[in-house]
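Q: Have a peek at my_file_33.txt (compact mmCIF, C-alpha atoms and all ligand atoms).
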```txt
# COMPACT_ATOMS: atom_id res chain seq x y z
CA MET C 857 16.23 10.45 -19.31
CA LEU C 858 16.97 7.54 -16.97
CA ASN C 859 20.29 9.07 -15.94
CA ASP C 860 18.69 12.39 -15.01
CA TRP C 861 17.64 11.40 -11.51
CA GLN C 862 16.78 14.95 -10.45
CA ALA C 863 14.24 15.16 -13.29
CA MET C 864 12.72 11.86 -12.18
CA TYR C 865 12.22 13.05 -8.61
CA ALA C 866 10.79 16.31 -9.98
CA GLY C 867 8.34 14.42 -12.21
CA ASP C 868 7.11 12.12 -9.44
CA SER C 869 4.27 14.15 -7.93
CA MET C 870 3.11 11.45 -5.50
CA GLY C 871 6.54 10.45 -4.23
CA MET C 872 6.48 6.91 -5.65
CA LEU C 873 10.29 6.75 -5.66
CA GLU C 874 10.46 7.90 -2.07
CA ALA C 875 7.83 5.36 -0.99
CA LEU C 876 9.81 2.63 -2.73
CA TRP C 877 13.01 3.72 -1.01
CA ASN C 878 11.15 3.54 2.31
CA LEU C 879 9.78 0.03 1.71
CA PRO C 880 12.29 -1.71 4.05
CA ASP C 881 11.17 0.52 6.96
CA GLN C 882 7.55 0.14 5.93
CA CYS C 883 7.87 -3.65 6.23
CA ALA C 884 9.43 -3.38 9.69
CA ARG C 885 6.74 -0.93 10.87
CA ALA C 886 4.02 -3.08 9.35
CA TRP C 887 5.16 -6.05 11.44
CA GLU C 888 4.89 -3.90 14.59
CA LEU C 889 1.37 -2.81 13.60
CA GLY C 890 0.35 -6.44 13.23
CA LEU C 891 1.76 -7.28 16.66
CA ALA C 892 -0.12 -4.44 18.34
CA THR C 893 -3.60 -5.19 17.02
CA PRO C 894 -6.22 -7.02 19.12
CA LEU C 895 -6.86 -10.52 17.79
CA PRO C 896 -10.26 -11.69 16.61
CA PRO C 897 -11.86 -14.21 19.01
CA GLY C 898 -11.58 -18.00 18.66
CA ARG C 899 -8.81 -20.28 17.46
CA ASP C 900 -10.47 -22.92 15.28
CA VAL C 901 -9.92 -21.18 11.95
CA ARG C 902 -10.50 -23.42 8.95
CA GLN C 903 -9.89 -20.97 6.10
CA VAL C 904 -8.36 -17.56 5.61
CA VAL C 905 -9.89 -15.12 3.11
CA VAL C 906 -8.31 -11.85 2.06
CA THR C 907 -10.84 -9.59 0.40
CA GLY C 908 -9.73 -6.47 -1.48
CA LEU C 909 -8.95 -5.06 -4.91
CA GLY C 910 -5.88 -3.94 -6.82
CA GLY C 911 -3.01 -2.77 -4.65
CA SER C 912 -4.96 -3.84 -1.57
CA ALA C 913 -5.47 -7.40 -2.84
CA ILE C 914 -1.97 -8.31 -3.96
CA GLY C 915 -0.96 -8.81 -0.32
CA GLY C 916 -3.57 -11.57 -0.23
CA ASP C 917 -1.78 -13.34 -3.06
CA LEU C 918 1.54 -12.86 -1.29
CA LEU C 919 -0.01 -14.48 1.77
CA ARG C 920 -1.48 -17.29 -0.34
CA VAL C 921 1.87 -18.08 -1.96
CA TYR C 922 4.04 -17.54 1.11
CA GLY C 923 1.58 -19.42 3.32
CA SER C 924 0.99 -22.39 1.03
CA GLY C 925 3.88 -24.42 2.42
CA ARG C 926 3.53 -23.06 5.96
CA LEU C 927 -0.16 -22.74 6.80
CA SER C 928 -2.35 -25.74 7.51
CA VAL C 929 -5.44 -23.91 6.19
CA PRO C 930 -6.10 -22.57 2.69
CA VAL C 931 -5.87 -18.88 1.83
CA VAL C 932 -8.37 -17.62 -0.71
CA VAL C 933 -8.12 -14.16 -2.26
CA ASN C 934 -11.47 -12.56 -3.02
CA ARG C 935 -11.60 -9.64 -5.46
CA ASP C 936 -15.37 -9.26 -5.56
CA TYR C 937 -18.50 -7.83 -3.96
CA VAL C 938 -19.53 -11.28 -2.77
CA LEU C 939 -17.70 -13.91 -0.75
CA PRO C 940 -17.38 -17.62 -1.52
CA GLN C 941 -20.13 -19.81 -0.04
CA PHE C 942 -17.79 -21.52 2.46
CA VAL C 943 -17.20 -18.29 4.43
CA GLY C 944 -18.68 -18.62 7.92
CA PRO C 945 -17.82 -18.52 11.63
CA GLN C 946 -14.66 -20.59 11.10
CA THR C 947 -13.28 -18.27 8.44
CA LEU C 948 -10.80 -15.54 9.24
CA VAL C 949 -11.43 -12.67 6.82
CA PHE C 950 -8.95 -9.85 6.30
CA ALA C 951 -10.84 -6.96 4.68
CA VAL C 952 -8.20 -4.77 3.08
CA SER C 953 -8.70 -1.37 1.50
CA TYR C 954 -6.10 1.36 1.64
CA SER C 955 -8.66 4.13 1.14
CA GLY C 956 -11.34 2.30 3.11
CA ASN C 957 -13.89 3.29 0.48
CA THR C 958 -13.65 0.66 -2.26
CA GLU C 959 -17.22 -0.44 -2.86
CA GLU C 960 -16.49 -4.10 -3.60
CA THR C 961 -14.54 -4.43 -0.32
CA LEU C 962 -17.26 -2.66 1.69
CA SER C 963 -19.81 -5.08 0.28
CA ALA C 964 -17.64 -8.14 1.06
CA TYR C 965 -17.02 -6.80 4.58
CA ARG C 966 -20.78 -6.54 5.20
CA GLU C 967 -21.27 -10.05 3.91
CA ALA C 968 -18.50 -11.40 6.16
CA ARG C 969 -20.24 -9.77 9.16
CA GLU C 970 -23.59 -11.30 8.22
CA ARG C 971 -22.00 -14.76 7.93
CA GLY C 972 -20.38 -14.46 11.37
CA ALA C 973 -16.80 -14.63 10.06
CA ARG C 974 -13.84 -13.55 12.20
CA LEU C 975 -12.78 -10.21 10.75
CA VAL C 976 -9.69 -8.04 10.80
CA VAL C 977 -9.66 -4.78 8.83
CA LEU C 978 -6.57 -3.18 7.29
CA THR C 979 -7.08 0.38 6.11
CA THR C 980 -6.10 4.02 6.48
CA GLY C 981 -9.68 5.02 7.37
CA GLY C 982 -12.77 5.70 5.26
CA ARG C 983 -16.12 3.97 5.55
CA LEU C 984 -14.46 0.59 6.20
CA LYS C 985 -12.81 1.83 9.37
CA GLU C 986 -16.03 3.50 10.53
CA MET C 987 -18.00 0.30 10.09
CA ALA C 988 -15.32 -1.85 11.76
CA LEU C 989 -15.10 0.45 14.78
CA ALA C 990 -18.89 0.47 15.13
CA ASP C 991 -18.93 -3.35 14.87
CA GLY C 992 -16.07 -3.88 17.35
CA VAL C 993 -13.92 -5.48 14.62
CA PRO C 994 -10.12 -5.19 15.11
CA VAL C 995 -8.70 -2.48 12.83
CA ILE C 996 -5.09 -2.20 11.75
CA THR C 997 -4.79 1.46 10.81
CA VAL C 998 -1.94 1.95 8.38
CA PRO C 999 -0.33 5.33 7.58
CA ALA C 1000 -2.08 7.35 4.86
CA GLY C 1001 -0.44 9.50 2.20
CA ILE C 1002 1.01 7.04 -0.31
CA ALA C 1003 -0.56 5.17 -3.24
CA PRO C 1004 -2.22 1.86 -2.23
CA ARG C 1005 0.14 -0.06 -4.51
CA ALA C 1006 3.08 1.52 -2.70
CA ALA C 1007 1.74 0.21 0.62
CA THR C 1008 2.05 -3.56 0.11
CA GLY C 1009 4.18 -3.83 3.24
CA TYR C 1010 1.49 -2.19 5.36
CA LEU C 1011 -1.29 -4.16 3.70
CA PHE C 1012 0.37 -7.58 3.80
CA ILE C 1013 2.92 -7.96 6.64
CA PRO C 1014 0.37 -7.34 9.44
CA THR C 1015 -1.61 -10.39 8.23
CA LEU C 1016 1.52 -12.47 8.89
CA ALA C 1017 1.82 -11.03 12.40
CA VAL C 1018 -1.84 -11.80 13.16
CA LEU C 1019 -1.58 -15.38 11.87
CA SER C 1020 1.65 -15.83 13.75
CA ARG C 1021 0.07 -14.63 17.01
CA MET C 1022 -2.91 -16.91 16.42
CA GLY C 1023 -0.45 -19.83 16.30
CA MET C 1024 -1.02 -20.52 12.62
CA LEU C 1025 2.41 -19.50 11.26
CA SER C 1026 5.88 -19.75 12.74
CA GLY C 1027 9.32 -18.31 12.04
CA VAL C 1028 7.93 -15.21 10.36
CA GLU C 1029 9.69 -12.65 12.55
CA ALA C 1030 13.13 -13.72 11.28
CA GLY C 1031 11.73 -13.64 7.74
CA VAL C 1032 10.54 -10.03 8.16
CA GLU C 1033 13.92 -9.00 9.59
CA GLU C 1034 15.73 -10.56 6.64
CA LEU C 1035 13.25 -8.92 4.27
CA SER C 1036 14.02 -5.41 5.58
CA ARG C 1037 17.77 -5.98 5.46
CA HIS C 1038 17.63 -7.48 1.98
CA LEU C 1039 15.55 -4.64 0.57
CA GLN C 1040 17.98 -2.14 2.11
CA SER C 1041 20.81 -3.64 0.09
CA LEU C 1042 18.74 -3.98 -3.11
CA ARG C 1043 17.63 -0.35 -3.11
CA GLU C 1044 21.27 0.68 -3.38
CA LYS C 1045 21.34 -1.08 -6.78
CA TYR C 1046 17.96 0.09 -8.07
CA LYS C 1047 17.80 3.70 -6.85
CA PRO C 1048 17.56 6.58 -9.36
CA GLU C 1049 21.08 7.81 -8.60
CA VAL C 1050 22.62 4.58 -10.02
CA PRO C 1051 23.17 5.04 -13.78
CA LEU C 1052 21.54 2.89 -16.44
CA ASP C 1053 24.60 0.78 -17.25
CA GLU C 1054 24.87 -0.35 -13.59
CA ASN C 1055 21.17 -0.42 -12.71
CA PRO C 1056 19.20 -3.64 -13.44
CA ALA C 1057 15.84 -1.90 -12.83
CA LYS C 1058 16.58 0.81 -15.39
CA GLN C 1059 17.82 -1.82 -17.84
CA MET C 1060 14.57 -3.73 -17.41
CA ALA C 1061 12.59 -0.54 -18.09
CA ALA C 1062 14.66 -0.01 -21.25
CA ASN C 1063 13.81 -3.58 -22.35
CA PHE C 1064 10.11 -2.79 -21.93
CA HIS C 1065 10.18 0.62 -23.60
CA ASN C 1066 8.01 0.72 -26.76
CA ARG C 1067 7.29 -2.97 -26.28
CA ILE C 1068 4.64 -4.96 -24.45
CA PRO C 1069 5.95 -6.83 -21.41
CA VAL C 1070 4.87 -10.45 -20.98
CA ILE C 1071 5.75 -11.63 -17.49
CA TRP C 1072 5.91 -15.31 -16.67
CA GLY C 1073 6.20 -16.70 -13.15
CA ALA C 1074 5.82 -20.20 -11.72
CA SER C 1075 2.92 -21.66 -9.77
CA GLY C 1076 3.55 -21.59 -6.05
CA THR C 1077 6.65 -19.37 -6.20
CA THR C 1078 6.83 -16.32 -8.46
CA GLU C 1079 3.25 -16.34 -9.80
CA VAL C 1080 2.23 -13.45 -7.54
CA VAL C 1081 5.28 -11.47 -8.62
CA ALA C 1082 4.35 -11.86 -12.29
CA GLN C 1083 0.89 -10.52 -11.48
CA ARG C 1084 2.40 -7.65 -9.51
CA TRP C 1085 4.80 -6.67 -12.33
CA LYS C 1086 1.90 -6.59 -14.77
CA GLY C 1087 -0.20 -4.38 -12.47
CA GLN C 1088 2.70 -2.05 -11.76
CA VAL C 1089 3.45 -1.55 -15.45
CA ASN C 1090 -0.25 -0.80 -15.96
CA GLU C 1091 -0.65 1.63 -13.07
CA ASN C 1092 2.78 3.28 -12.97
CA ALA C 1093 3.75 3.37 -16.66
CA LYS C 1094 0.12 3.52 -17.95
CA ALA C 1095 1.06 0.74 -20.40
CA PRO C 1096 -0.24 -2.75 -21.13
CA ALA C 1097 1.45 -5.89 -19.81
CA TYR C 1098 0.40 -9.51 -19.50
CA TRP C 1099 1.29 -12.35 -17.17
CA ASN C 1100 0.97 -16.09 -16.92
CA VAL C 1101 2.47 -19.01 -15.00
CA PHE C 1102 4.51 -22.13 -15.63
CA PRO C 1103 3.71 -24.95 -16.11
CA GLU C 1104 0.21 -23.97 -17.25
CA LEU C 1105 1.41 -21.63 -20.00
CA ASN C 1106 3.27 -24.54 -21.60
CA HIS C 1107 -0.13 -26.05 -22.35
CA ASN C 1108 -1.69 -23.12 -24.19
CA GLU C 1109 -0.05 -19.67 -24.29
CA LEU C 1110 3.18 -21.08 -25.74
CA VAL C 1111 1.35 -22.04 -28.92
CA GLY C 1112 0.10 -18.51 -29.49
CA PHE C 1113 3.40 -16.93 -30.51
CA GLN C 1114 3.30 -17.49 -34.26
CA TYR C 1115 0.99 -14.82 -35.67
CA PRO C 1116 1.05 -11.97 -36.49
CA PRO C 1117 4.87 -12.15 -36.56
CA GLU C 1118 5.42 -8.39 -36.87
CA LEU C 1119 3.35 -7.67 -33.74
CA LEU C 1120 5.07 -10.45 -31.79
CA GLN C 1121 8.35 -8.61 -32.38
CA ARG C 1122 6.92 -5.95 -30.07
CA LEU C 1123 6.67 -8.33 -27.10
CA TYR C 1124 9.32 -8.68 -24.43
CA ILE C 1125 9.23 -11.74 -22.18
CA VAL C 1126 10.56 -11.93 -18.63
CA ILE C 1127 10.79 -15.25 -16.81
CA LEU C 1128 10.77 -14.79 -13.04
CA ARG C 1129 12.59 -17.63 -11.32
CA ASP C 1130 12.98 -18.79 -7.76
CA PRO C 1131 15.72 -21.14 -6.48
CA ARG C 1132 12.92 -23.37 -5.12
CA ASP C 1133 11.15 -23.80 -8.45
CA HIS C 1134 10.23 -27.41 -9.22
CA PRO C 1135 13.11 -29.09 -11.12
CA ARG C 1136 10.79 -30.04 -13.96
CA VAL C 1137 9.66 -26.41 -14.23
CA VAL C 1138 13.32 -25.36 -14.44
CA LEU C 1139 13.70 -27.65 -17.46
CA ARG C 1140 10.65 -26.00 -18.98
CA TYR C 1141 12.25 -22.54 -18.74
CA ALA C 1142 15.12 -23.55 -21.01
CA VAL C 1143 12.96 -25.26 -23.65
CA THR C 1144 10.37 -22.46 -23.64
CA ARG C 1145 13.03 -19.80 -23.93
CA GLU C 1146 14.54 -21.51 -26.95
CA ILE C 1147 11.13 -21.59 -28.66
CA MET C 1148 10.33 -17.97 -27.79
CA GLU C 1149 13.60 -16.27 -28.57
CA LYS C 1150 13.01 -16.14 -32.32
CA ALA C 1151 9.38 -15.11 -32.01
CA VAL C 1152 9.63 -12.02 -29.78
CA ALA C 1153 11.86 -8.97 -29.29
CA GLY C 1154 13.69 -10.52 -26.36
CA VAL C 1155 13.54 -12.96 -23.45
CA THR C 1156 15.28 -12.44 -20.15
CA GLU C 1157 15.34 -14.35 -16.86
CA VAL C 1158 15.58 -12.95 -13.36
CA THR C 1159 16.08 -15.11 -10.27
CA ALA C 1160 14.88 -14.20 -6.78
CA THR C 1161 17.53 -13.63 -4.14
CA GLY C 1162 17.37 -14.05 -0.36
CA ARG C 1163 17.09 -16.95 2.03
CA ASP C 1164 13.50 -16.94 3.29
CA GLY C 1165 10.49 -16.91 0.96
CA LEU C 1166 9.51 -13.39 1.98
CA ALA C 1167 12.85 -11.85 1.00
CA ARG C 1168 12.84 -13.84 -2.24
CA LEU C 1169 9.33 -12.72 -3.24
CA TYR C 1170 10.07 -9.09 -2.44
CA SER C 1171 13.48 -9.16 -4.15
CA LEU C 1172 11.62 -9.58 -7.45
CA ILE C 1173 8.74 -7.28 -6.53
CA TYR C 1174 11.24 -4.53 -5.72
CA LEU C 1175 12.92 -4.87 -9.11
CA GLY C 1176 9.57 -4.77 -10.93
CA ASP C 1177 8.32 -1.81 -8.91
CA TYR C 1178 11.43 0.24 -9.73
CA ALA C 1179 11.41 -0.88 -13.38
CA SER C 1180 7.75 0.13 -13.83
CA ILE C 1181 8.45 3.60 -12.40
CA TYR C 1182 11.46 4.04 -14.69
CA LEU C 1183 9.27 2.93 -17.60
CA ALA C 1184 6.82 5.71 -16.68
CA PHE C 1185 9.64 8.24 -17.03
CA LEU C 1186 10.68 6.76 -20.38
CA TYR C 1187 7.10 7.40 -21.55
CA GLY C 1188 7.19 10.87 -20.02
CA VAL C 1189 4.35 10.19 -17.55
CA ASP C 1190 4.03 10.82 -13.83
CA PRO C 1191 4.03 7.33 -12.22
CA GLY C 1192 1.76 8.20 -9.28
CA PRO C 1193 -1.67 9.39 -10.41
CA VAL C 1194 -4.11 6.80 -11.75
CA LYS C 1195 -6.71 9.21 -13.07
CA VAL C 1196 -8.58 6.56 -15.03
CA ILE C 1197 -9.26 4.53 -11.84
CA ASP C 1198 -10.23 7.71 -9.96
CA ARG C 1199 -12.64 8.69 -12.74
CA LEU C 1200 -14.19 5.22 -12.81
CA LYS C 1201 -14.68 5.16 -9.03
CA ALA C 1202 -16.19 8.67 -9.04
CA SER C 1203 -18.56 7.79 -11.84
CA LEU C 1204 -19.75 4.61 -10.07
CA ALA C 1205 -20.12 6.43 -6.74
CA GLY C 1206 -22.72 8.72 -8.32
CA LYS C 1207 -24.90 5.77 -9.46
C1 LIG C 1301 -3.88 2.57 -6.68
C2 LIG C 1301 -4.06 1.13 -6.67
C3 LIG C 1301 -5.41 0.54 -6.93
C4 LIG C 1301 -6.24 0.46 -5.62
C5 LIG C 1301 -7.62 -0.16 -5.89
C6 LIG C 1301 -8.43 -0.38 -4.61
O1 LIG C 1301 -2.57 2.89 -6.26
O2 LIG C 1301 -3.12 0.43 -6.46
O3 LIG C 1301 -5.24 -0.73 -7.50
O4 LIG C 1301 -5.55 -0.31 -4.67
O5 LIG C 1301 -8.34 0.68 -6.75
O6 LIG C 1301 -8.45 0.76 -3.81
P1 LIG C 1301 -8.13 0.64 -2.25
O7 LIG C 1301 -6.74 0.09 -2.18
O8 LIG C 1301 -8.22 2.04 -1.73
O9 LIG C 1301 -9.17 -0.27 -1.69
```
Represent the structure of the file as structure tokens.
A:
Amino acid sequence: MLNDWQAMYAGDSMGMLEALWNLPDQCARAWELGLATPLPPGRDVRQVVVTGLGGSAIGGDLLRVYGSGRLSVPVVVNRDYVLPQFVGPQTLVFAVSYSGNTEETLSAYREARERGARLVVLTTGGRLKEMALADGVPVITVPAGIAPRAATGYLFIPTLAVLSRMGMLSGVEAGVEELSRHLQSLREKYKPEVPLDENPAKQMAANFHNRIPVIWGASGTTEVVAQRWKGQVNENAKAPAYWNVFPELNHNELVGFQYPPELLQRLYIVILRDPRDHPRVVLRYAVTREIMEKAVAGVTEVTATGRDGLARLYSLIYLGDYASIYLAFLYGVDPGPVKVIDRLKASLAGK
């Protein structure tokens, strides 16, 4: 199946493969969108909050991880109806919803307004855009027509441009340029036309097939990628997956791989590494791998490539995104539609 690329394109009703191919251009366009938007007033920002859900929230985690060594203020990601108590006039809140109609995000937006927070909205439209326009809140309108989880460039990169223009981040423009170039070269390795024996993304999908992926990242580097891989396996392949982070998992999860042994043989572990991982964490990878190898079906390690943090984060995200779509085809499902989420949202909307 994975070598029949025409069948994959034919079975991809929402154009997930095409959107993935276009990610390098999406990132470049997203930067331009962030440069063009009006800035919220005031400069004394003490905290940044990104509020959103699912594919619209992961950009917040990318910002949190990427910004942790670069921003002098904390970034908090809020996936809820309500905002943390600290949010007030010195908080910059990015309210992010691709559809613009996610009820939790609409509620958090209203709360941010009531608390006098500085707001910027990222959306394709919907109720969120209507409210923001009526309130005079800057809106970054991103192109519609792809799945929210395929729009991470649009939903994340503009936040970097805004923070950069507000004087809170520097050197990002070169990072975004490298990111686009790097993804352009990676897509040549991961694209459907490259056969299984030469394609690391297809090989990863084959590792996951009929198994449950367990994705481990490291705090402060690949943690957000582990979370992203898990979500992409869930939404694209309609399959379970789990994630955790080093070093925390060495203090609990590691112990839980003894029983039931026959089920553990259905797990496949991926360790996502970054060249900047803490040296003590690097030692932990080797010891943990040795312990795990006998317990589960397989353990593999992948290391981020690229110079700047943005390229490195996305080098791994790109691999996981492609792998999760290939896994969908191995299961014979269309990667795009997420009917269960749609049904849940429709059922809640009527209540
Ligand atoms: C669907 C997806 C979901 C949505 C989430 C929130 O592709 O990724 O996780 O992102 O249900 O919806 P939006 O993004 O419209 O606010």
Q: Taking all atoms listed in the file into account, which residues have an atom no farther than 10 Å from ligand LIG 1301 (chain C)? I'd like them as a compact mmCIF listing (two decimals) with C-alpha atoms, keeping the file's coordinate frame.
A:
```txt
# COMPACT_ATOMS: atom_id res chain seq x y z
CA MET C 872 6.48 6.91 -5.65
CA THR C 907 -10.84 -9.59 0.40
CA GLY C 908 -9.73 -6.47 -1.48
CA LEU C 909 -8.95 -5.06 -4.91
CA GLY C 910 -5.88 -3.94 -6.82
CA GLY C 911 -3.01 -2.77 -4.65
CA SER C 912 -4.96 -3.84 -1.57
CA ALA C 913 -5.47 -7.40 -2.84
CA ILE C 914 -1.97 -8.31 -3.96
CA ARG C 935 -11.60 -9.64 -5.46
CA ALA C 951 -10.84 -6.96 4.68
CA VAL C 952 -8.20 -4.77 3.08
CA SER C 953 -8.70 -1.37 1.50
CA TYR C 954 -6.10 1.36 1.64
CA SER C 955 -8.66 4.13 1.14
CA GLY C 956 -11.34 2.30 3.11
CA ASN C 957 -13.89 3.29 0.48
CA THR C 958 -13.65 0.66 -2.26
CA GLU C 959 -17.22 -0.44 -2.86
CA GLU C 960 -16.49 -4.10 -3.60
CA THR C 961 -14.54 -4.43 -0.32
CA LEU C 962 -17.26 -2.66 1.69
CA LEU C 978 -6.57 -3.18 7.29
CA THR C 979 -7.08 0.38 6.11
CA THR C 980 -6.10 4.02 6.48
CA GLY C 981 -9.68 5.02 7.37
CA GLY C 982 -12.77 5.70 5.26
CA LEU C 984 -14.46 0.59 6.20
CA ILE C 1002 1.01 7.04 -0.31
CA ALA C 1003 -0.56 5.17 -3.24
CA PRO C 1004 -2.22 1.86 -2.23
CA ARG C 1005 0.14 -0.06 -4.51
CA ALA C 1006 3.08 1.52 -2.70
CA ALA C 1007 1.74 0.21 0.62
CA THR C 1008 2.05 -3.56 0.11
CA LEU C 1011 -1.29 -4.16 3.70
CA GLY C 1087 -0.20 -4.38 -12.47
CA GLN C 1088 2.70 -2.05 -11.76
CA ASN C 1090 -0.25 -0.80 -15.96
CA GLU C 1091 -0.65 1.63 -13.07
CA ASN C 1092 2.78 3.28 -12.97
CA PRO C 1191 4.03 7.33 -12.22
CA GLY C 1192 1.76 8.20 -9.28
CA PRO C 1193 -1.67 9.39 -10.41
CA VAL C 1194 -4.11 6.80 -11.75
CA LYS C 1195 -6.71 9.21 -13.07
CA ILE C 1197 -9.26 4.53 -11.84
CA ASP C 1198 -10.23 7.71 -9.96
CA LEU C 1200 -14.19 5.22 -12.81
CA LYS C 1201 -14.68 5.16 -9.03
```
Q: Report the distance between atom CA of Val1126 of chain C and atom CA of Asp860 of chain C in Å, rounded to one decimal place.
A: 25.9 Å
Q: How many Å lie between atom CA of Gln1121 of chain C and atom CA of Leu1105 of chain C, rounded to one decimal?
A: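 So the answer is 19.3 Å.
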Q: To one decimal in Å, tell me the separation between atom CA of Val1111 of chain C and atom CA of Ala1151 of chain C.
A: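 Computed distance, atom CA of Val1111 of chain C to atom CA of Ala1151 of chain C, equals 11.0 Å.
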Q: Quick one: contact table of segment 1000-1034 of chain C to segment 928-934 of chain C, 12 Å max, nearest atom pair and distance in Å to one decimal per residue, counting all atoms listed in the file, chain and number order, as JSON lines?
A:
```
{"residue": "C:Thr1015", "atom": "CA", "partner": "C:Val931", "partner_atom": "CA", "distance": 11.5}
{"residue": "C:Leu1019", "atom": "CA", "partner": "C:Val929", "partner_atom": "CA", "distance": 11.0}
{"residue": "C:Gly1023", "atom": "CA", "partner": "C:Ser928", "partner_atom": "CA", "distance": 10.8}
{"residue": "C:Met1024", "atom": "CA", "partner": "C:Ser928", "partner_atom": "CA", "distance": 7.4}
{"residue": "C:Leu1025", "atom": "CA", "partner": "C:Ser928", "partner_atom": "CA", "distance": 8.7}
{"residue": "C:Ser1026", "atom": "CA", "partner": "C:Ser928", "partner_atom": "CA", "distance": 11.4}
```
Q: Show which residues sit within 6 Å of Leu1039 of chain C, as a list in words. Count all atoms listed in the file, and ignore same-chain residues fewer than 3 positions away.
A: Pro880, Ser1036 and Leu1042 of chain C
Q: Do a neighbour search on Cys883 of chain C at 8 Å with all atoms listed in the file, toss out local chain neighbours closer than 4 positions, and write the hits as an MDAnalysis selection string.
A: chainID C and resid 879 887 1009:1010 1013 1032 1035:1036
Q: Would you mind telling me which residue in C:Met857, C:Val995, C:Val977, C:Val1089 lies nearest to Val905 of chain C when using all atoms listed in the file?
A: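 The shortest atom-to-atom distance to Val905 of chain C comes from C:Val977.
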Q: Select, from C:Thr997, C:Leu876, C:Gly1073, C:Asp936, the residue with the minimum atom-to-atom distance to Ala892 of chain C, counting all atoms listed in the file.
A: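 Selected residue with least distance to Ala892 of chain C: C:Thr997.
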Q: Taking only C-alpha atoms into account, name the residue in C:Leu858, C:Met987, C:Ala973, C:Ala1082 that is nearest to Leu939 of chain C.
A: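 Checking each candidate against Leu939 of chain C, we get C:Ala973 as the closest.
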Q: Determine, counting all atoms listed in the file, which protein, DNA and RNA residues have an atom within 7 Å of an atom of segment 1043-1048 of chain C; residues of the same chain fewer than 5 positions away are not included. Present the result as a list of chain:residue names.
A: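 Close residues of segment 1043-1048 of chain C: C:Trp861, C:Trp877, C:Asn1055, C:Pro1056, C:Ala1057, C:Tyr1178.
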Q: Between C:Tyr965, C:Tyr922, C:Tyr1098, C:Phe1185, which one has atoms that come closest to Val938 of chain C, using all atoms listed in the file?
A: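 Smallest distance to Val938 of chain C is found for C:Tyr965.
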Q: Considering all atoms listed in the file, return as a PyMOL selection string whatever protein or nucleic-acid residues lie within 12 Å of Glu1033 of chain C, sequence-local ones (same chain, fewer than 5 positions apart) excluded.
A: chain C and resi 880-888+1013+1027-1028+1038-1040+1162-1164+1166-1167
Q: Would you pick out the contacts of segment 1069-1071 of chain C at 8 Å or less, using all atoms listed in the file, so that residues sharing its chain but fewer than 2 positions from it are not included, and give the list as a list in words?
A: Phe1064, Arg1067, Gly1073, Ala1082, Gln1083, Trp1085, Lys1086, Pro1096, Ala1097, Tyr1098, Trp1099, Asn1100, Leu1123, Tyr1124, Ile1125, Val1126, Ile1127 and Leu1128 of chain C
Q: Store the residues of this selection in a file with C-alpha atoms, as an mmCIF file, keeping the file's coordinate frame.
A:
```
data_model
loop_
_atom_site.group_PDB
_atom_site.id
_atom_site.type_symbol
_atom_site.label_atom_id
_atom_site.label_comp_id
_atom_site.auth_asym_id
_atom_site.auth_seq_id
_atom_site.Cartn_x
_atom_site.Cartn_y
_atom_site.Cartn_z
ATOM 1 C CA PHE C 1064 10.110 -2.790 -21.930
ATOM 2 C CA ARG C 1067 7.290 -2.970 -26.280
ATOM 3 C CA GLY C 1073 6.200 -16.700 -13.150
ATOM 4 C CA ALA C 1082 4.350 -11.860 -12.290
ATOM 5 C CA GLN C 1083 0.890 -10.520 -11.480
ATOM 6 C CA TRP C 1085 4.800 -6.670 -12.330
ATOM 7 C CA LYS C 1086 1.900 -6.590 -14.770
ATOM 8 C CA PRO C 1096 -0.240 -2.750 -21.130
ATOM 9 C CA ALA C 1097 1.450 -5.890 -19.810
ATOM 10 C CA TYR C 1098 0.400 -9.510 -19.500
ATOM 11 C CA TRP C 1099 1.290 -12.350 -17.170
ATOM 12 C CA ASN C 1100 0.970 -16.090 -16.920
ATOM 13 C CA LEU C 1123 6.670 -8.330 -27.100
ATOM 14 C CA TYR C 1124 9.320 -8.680 -24.430
ATOM 15 C CA ILE C 1125 9.230 -11.740 -22.180
ATOM 16 C CA VAL C 1126 10.560 -11.930 -18.630
ATOM 17 C CA ILE C 1127 10.790 -15.250 -16.810
ATOM 18 C CA LEU C 1128 10.770 -14.790 -13.040
#
```
Q: Give the answer as one residue: which of C:Val1152, C:Val1018, C:Arg1132, C:Ala1093 has the shortest atom-to-atom distance to Tyr1115 of chain C, using all atoms listed in the file?
A: C:Val1152
Q: Using all atoms listed in the file and a cutoff of 12 Å, can you tell me which residues are near (17.7, 0.1, -20.5) in the file's coordinates, and write them out as JSON, numbers by chain?
A: {"C": [857, 858, 859, 1051, 1052, 1053, 1054, 1055, 1056, 1057, 1058, 1059, 1060, 1061, 1062, 1063, 1064, 1065, 1066, 1179, 1180, 1182, 1183, 1185, 1186]}
Q: Out of C:Ser924, C:Gly915, C:Leu1119, C:Gln903, which residue has the shortest atom-to-atom distance to Gln941 of chain C when counting all atoms listed in the file?
A: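 Of C:Ser924, C:Gly915, C:Leu1119, C:Gln903, the one nearest Gln941 of chain C, counting all atoms listed in the file, is C:Gln903.
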